[in-house]
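Listing of my_file_2.cif; format and content: mmCIF, C-alpha atoms.
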data_start
#
loop_
_atom_site.group_PDB
_atom_site.id
_atom_site.type_symbol
_atom_site.label_atom_id
_atom_site.label_comp_id
_atom_site.auth_asym_id
_atom_site.auth_seq_id
_atom_site.Cartn_x
_atom_site.Cartn_y
_atom_site.Cartn_z
ATOM 1 C CA MET A 643 38.421 10.846 -28.744
ATOM 2 C CA VAL A 644 39.213 7.468 -30.330
ATOM 3 C CA ARG A 645 38.166 4.141 -28.810
ATOM 4 C CA ARG A 646 38.538 0.539 -29.928
ATOM 5 C CA LEU A 647 35.272 -1.421 -29.488
ATOM 6 C CA ASN A 648 36.169 -5.048 -28.630
ATOM 7 C CA GLY A 649 36.902 -6.189 -32.172
ATOM 8 C CA LEU A 650 33.904 -4.375 -33.648
ATOM 9 C CA GLY A 651 35.858 -1.447 -34.966
ATOM 10 C CA THR A 652 36.933 2.010 -33.938
ATOM 11 C CA LEU A 653 34.703 4.775 -32.632
ATOM 12 C CA VAL A 654 35.826 8.342 -33.332
ATOM 13 C CA ILE A 655 34.125 11.260 -31.621
ATOM 14 C CA CYS A 656 35.243 14.647 -32.862
ATOM 15 C CA THR A 657 33.679 18.096 -32.626
ATOM 16 C CA ASP A 658 35.862 19.757 -35.260
ATOM 17 C CA LEU A 659 35.502 18.732 -38.915
ATOM 18 C CA ALA A 660 38.984 19.998 -39.832
ATOM 19 C CA GLU A 661 40.513 17.897 -37.047
ATOM 20 C CA LEU A 662 38.589 14.832 -38.207
ATOM 21 C CA GLN A 663 39.699 15.323 -41.828
ATOM 22 C CA ALA A 664 43.295 15.678 -40.666
ATOM 23 C CA MET A 665 42.978 12.347 -38.813
ATOM 24 C CA ILE A 666 41.357 10.303 -41.584
ATOM 25 C CA GLY A 667 42.491 12.051 -44.765
ATOM 26 C CA PRO A 668 40.534 13.610 -47.630
ATOM 27 C CA PRO A 669 36.969 12.517 -48.443
ATOM 28 C CA ALA A 670 36.576 9.428 -50.645
ATOM 29 C CA SER A 671 35.358 11.519 -53.590
ATOM 30 C CA SER A 672 38.676 13.412 -53.745
ATOM 31 C CA ARG A 673 40.881 10.314 -53.564
ATOM 32 C CA PRO A 674 41.844 8.603 -56.814
ATOM 33 C CA ALA A 675 39.828 5.491 -57.625
ATOM 34 C CA ARG A 676 41.524 2.133 -57.215
ATOM 35 C CA LEU A 677 40.823 -0.891 -59.282
ATOM 36 C CA SER A 678 41.043 -4.496 -58.257
ATOM 37 C CA THR A 679 44.237 -6.051 -59.519
ATOM 38 C CA SER A 680 43.054 -9.537 -58.663
ATOM 39 C CA ALA A 681 40.632 -9.584 -61.595
ATOM 40 C CA ALA A 682 42.183 -10.803 -64.800
ATOM 41 C CA VAL A 683 39.422 -9.307 -66.900
ATOM 42 C CA PRO A 684 40.280 -7.523 -70.111
ATOM 43 C CA THR A 685 39.111 -3.941 -70.265
ATOM 44 C CA PRO A 686 37.472 -2.934 -73.539
ATOM 45 C CA ALA A 687 39.654 -0.765 -75.724
ATOM 46 C CA ALA A 688 37.528 2.314 -75.161
ATOM 47 C CA ALA A 689 38.854 5.825 -75.079
ATOM 48 C CA ALA A 690 39.503 7.322 -71.681
ATOM 49 C CA PRO A 691 36.699 9.554 -70.432
ATOM 50 C CA ALA A 692 37.121 13.254 -71.124
ATOM 51 C CA VAL A 693 36.436 15.606 -68.229
ATOM 52 C CA THR A 694 35.599 19.211 -69.105
ATOM 53 C CA ALA A 695 34.020 21.831 -66.853
ATOM 54 C CA GLY A 696 32.962 19.157 -64.368
ATOM 55 C CA ARG A 697 31.341 17.023 -67.068
ATOM 56 C CA THR A 698 32.477 13.523 -67.942
ATOM 57 C CA SER A 699 32.143 12.304 -71.525
ATOM 58 C CA LEU A 700 32.665 8.736 -72.633
ATOM 59 C CA GLY A 701 31.737 8.230 -76.262
ATOM 60 C CA ASP A 702 28.150 9.481 -76.639
ATOM 61 C CA LEU A 703 27.580 9.386 -72.872
ATOM 62 C CA THR A 704 27.784 12.740 -71.067
ATOM 63 C CA ILE A 705 27.451 13.065 -67.309
ATOM 64 C CA ASP A 706 26.977 16.485 -65.719
ATOM 65 C CA PRO A 707 27.031 15.969 -61.930
ATOM 66 C CA LEU A 708 26.474 19.667 -61.171
ATOM 67 C CA GLY A 709 23.445 19.832 -63.467
ATOM 68 C CA HIS A 710 22.208 16.405 -62.284
ATOM 69 C CA LEU A 711 21.949 15.353 -65.923
ATOM 70 C CA VAL A 712 23.041 12.294 -67.881
ATOM 71 C CA THR A 713 22.639 12.269 -71.658
ATOM 72 C CA TRP A 714 23.148 9.520 -74.209
ATOM 73 C CA ARG A 715 23.535 10.771 -77.780
ATOM 74 C CA GLY A 716 22.092 14.109 -76.724
ATOM 75 C CA GLN A 717 18.952 12.624 -75.143
ATOM 76 C CA PRO A 718 18.529 12.913 -71.358
ATOM 77 C CA LEU A 719 18.280 9.665 -69.388
ATOM 78 C CA ALA A 720 15.749 9.577 -66.551
ATOM 79 C CA LEU A 721 18.001 8.301 -63.770
ATOM 80 C CA THR A 722 17.612 8.598 -60.022
ATOM 81 C CA ARG A 723 20.310 10.332 -57.994
ATOM 82 C CA LEU A 724 21.697 6.946 -56.911
ATOM 83 C CA GLU A 725 21.756 5.639 -60.496
ATOM 84 C CA ARG A 726 23.521 8.831 -61.657
ATOM 85 C CA ARG A 727 26.151 8.475 -58.941
ATOM 86 C CA LEU A 728 26.684 4.795 -59.793
ATOM 87 C CA LEU A 729 26.985 5.504 -63.521
ATOM 88 C CA THR A 730 29.324 8.429 -62.825
ATOM 89 C CA GLN A 731 31.688 6.154 -60.898
ATOM 90 C CA LEU A 732 31.613 3.452 -63.552
ATOM 91 C CA ALA A 733 32.373 6.049 -66.272
ATOM 92 C CA THR A 734 35.153 7.774 -64.342
ATOM 93 C CA ALA A 735 38.831 7.176 -65.080
ATOM 94 C CA PRO A 736 40.502 4.845 -64.733
ATOM 95 C CA LEU A 737 38.119 2.680 -66.728
ATOM 96 C CA GLY A 738 38.028 -0.957 -65.781
ATOM 97 C CA VAL A 739 36.644 -3.109 -63.035
ATOM 98 C CA TRP A 740 35.187 -1.261 -60.059
ATOM 99 C CA THR A 741 35.137 -3.465 -56.964
ATOM 100 C CA TYR A 742 32.070 -3.816 -54.756
ATOM 101 C CA GLU A 743 34.043 -2.232 -51.918
ATOM 102 C CA ARG A 744 35.018 0.827 -53.931
ATOM 103 C CA LEU A 745 31.501 1.359 -55.298
ATOM 104 C CA PHE A 746 29.991 1.159 -51.802
ATOM 105 C CA GLU A 747 32.533 3.673 -50.547
ATOM 106 C CA LEU A 748 32.056 6.167 -53.384
ATOM 107 C CA VAL A 749 28.348 5.817 -54.207
ATOM 108 C CA TRP A 750 26.810 5.137 -50.790
ATOM 109 C CA GLY A 751 29.572 6.654 -48.666
ATOM 110 C CA CYS A 752 29.842 3.621 -46.413
ATOM 111 C CA ALA A 753 31.848 0.463 -45.988
ATOM 112 C CA TYR A 754 31.064 -2.748 -47.825
ATOM 113 C CA LEU A 755 29.881 -5.310 -45.285
ATOM 114 C CA GLY A 756 29.584 -8.328 -47.575
ATOM 115 C CA ASP A 757 25.918 -7.914 -48.588
ATOM 116 C CA THR A 758 25.775 -6.942 -52.237
ATOM 117 C CA SER A 759 21.980 -7.067 -52.669
ATOM 118 C CA ILE A 760 21.537 -3.269 -52.541
ATOM 119 C CA LEU A 761 24.287 -2.830 -55.133
ATOM 120 C CA HIS A 762 22.909 -5.578 -57.384
ATOM 121 C CA SER A 763 19.441 -3.983 -57.231
ATOM 122 C CA ALA A 764 20.801 -0.556 -58.157
ATOM 123 C CA VAL A 765 22.793 -2.033 -61.065
ATOM 124 C CA LYS A 766 19.722 -3.969 -62.243
ATOM 125 C CA ARG A 767 17.648 -0.766 -62.364
ATOM 126 C CA LEU A 768 20.484 1.117 -64.088
ATOM 127 C CA ARG A 769 20.904 -1.641 -66.685
ATOM 128 C CA ARG A 770 17.181 -1.586 -67.466
ATOM 129 C CA LYS A 771 17.263 2.158 -68.111
ATOM 130 C CA LEU A 772 20.465 1.991 -70.165
ATOM 131 C CA ARG A 773 19.065 -0.873 -72.252
ATOM 132 C CA ALA A 774 15.946 1.215 -72.982
ATOM 133 C CA ALA A 775 18.174 4.040 -74.272
ATOM 134 C CA ASP A 776 20.521 1.889 -76.366
ATOM 135 C CA ASP A 777 21.864 -1.632 -76.192
ATOM 136 C CA THR A 778 25.482 -0.538 -76.732
ATOM 137 C CA LEU A 779 25.814 1.061 -73.282
ATOM 138 C CA ARG A 780 26.275 -1.809 -70.812
ATOM 139 C CA VAL A 781 27.236 -2.555 -67.229
ATOM 140 C CA HIS A 782 29.045 -5.905 -67.073
ATOM 141 C CA THR A 783 29.370 -8.064 -63.975
ATOM 142 C CA VAL A 784 32.797 -9.362 -63.054
ATOM 143 C CA ARG A 785 31.695 -12.222 -60.847
ATOM 144 C CA GLY A 786 32.899 -11.964 -57.267
ATOM 145 C CA ILE A 787 34.757 -8.704 -57.952
ATOM 146 C CA GLY A 788 32.493 -5.891 -59.149
ATOM 147 C CA TYR A 789 31.292 -4.155 -62.307
ATOM 148 C CA ARG A 790 32.624 -2.410 -65.393
ATOM 149 C CA LEU A 791 31.038 -0.127 -67.984
ATOM 150 C CA SER A 792 31.396 -0.567 -71.729
ATOM 151 C CA VAL A 793 30.289 1.776 -74.465
ATOM 152 C CA GLY A 794 29.942 0.520 -78.008
#
Rewrite the structure from the file as structure tokens, please.
Amino acid sequence: MVRRLNGLGTLVICTDLAELQAMIGPPASSRPARLSTSAAVPTPAAAAPAVTAGRTSLGDLTIDPLGHLVTWRGQPLALTRLERRLLTQLATAPLGVWTYERLFELVWGCAYLGDTSILHSAVKRLRRKLRAADDTLRVHTVRGIGYRLSVG
């Protein structure tokens, strides 16, 4: 059953997961990531991330989502699940600017409603931990658009 709620959005009630997936498409994690084209921000000339056996490698950064492990130059980083998911998205191809909307969708699994405080807090904690590991691994803010990761 699908109902429109007086300008508030759409309510979908479905008892069959396959039927729901057929209506709305594949989950966000299986769709290719989109970047904002409105940001005229140069992307660092870093190599594209290599993905092998479920692991993502970008320079000396290795992310193993199945093993819940992130390493920098062979040393494990003590990241929370949320920080790992955020870093994984930022390090995933295509490299560049990740919009607030896209990060909310992929990391939290919900829509961006205009309040970025939860995202800013998560990025602040992630930056602190990355800075403690090495100052060459950075999350940059693209004001009003989102974030990008640089290595080196």
key: Reference answer for the PyMOL selection byres ((chain A and resi 722) around 10), as number ranges by chain   = A: 710-711, 719-721, 723-728, 764, 767-768
Print the selection's residues with C-alpha atoms to a file, as an mmCIF file, in the frame of the given file.
data_model
loop_
_atom_site.group_PDB
_atom_site.id
_atom_site.type_symbol
_atom_site.label_atom_id
_atom_site.label_comp_id
_atom_site.auth_asym_id
_atom_site.auth_seq_id
_atom_site.Cartn_x
_atom_site.Cartn_y
_atom_site.Cartn_z
ATOM 1 C CA HIS A 710 22.208 16.405 -62.284
ATOM 2 C CA LEU A 711 21.949 15.353 -65.923
ATOM 3 C CA LEU A 719 18.280 9.665 -69.388
ATOM 4 C CA ALA A 720 15.749 9.577 -66.551
ATOM 5 C CA LEU A 721 18.001 8.301 -63.770
ATOM 6 C CA ARG A 723 20.310 10.332 -57.994
ATOM 7 C CA LEU A 724 21.697 6.946 -56.911
ATOM 8 C CA GLU A 725 21.756 5.639 -60.496
ATOM 9 C CA ARG A 726 23.521 8.831 -61.657
ATOM 10 C CA ARG A 727 26.151 8.475 -58.941
ATOM 11 C CA LEU A 728 26.684 4.795 -59.793
ATOM 12 C CA ALA A 764 20.801 -0.556 -58.157
ATOM 13 C CA ARG A 767 17.648 -0.766 -62.364
ATOM 14 C CA LEU A 768 20.484 1.117 -64.088
#
request  = Using the chain letters and numbering of this document, enumerate as a ChimeraX atom specification the residues selected by the PyMOL selection byres ((chain A and resi 787) around 7).
outcome  = /A:681,741-742,784-786,788
inquiry  = Could you list, as a list in words, every residue within 10 Å of region 714-718 of chain A, counting all atoms listed in the file and ignoring same-chain residues fewer than 5 positions away?
reply    =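 Everything that qualifies: Ser699, Leu700, Gly701, Asp702, Leu703, Thr704, Ile705, Leu772, Ala775, Asp776 and Leu779 of chain A.
In this comparison, which uses all atoms listed in the file, the residue of A:Leu755, A:Ala774, A:Leu791, A:Ile760 approaching Gln731 (chain A) most closely is A:Leu791.
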message = Given only C-alpha atoms as the basis, pick out the residue of A:Leu729, A:Ile655, A:Thr713, A:Thr698 nearest to Val765 (chain A).
response =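 Between A:Leu729, A:Ile655, A:Thr713, A:Thr698, the residue approaching Val765 (chain A) most closely is A:Leu729.
With CA of Val793 (chain A) on one side and CA of Gly756 (chain A) on the other, the separation reads 28.7 Å.
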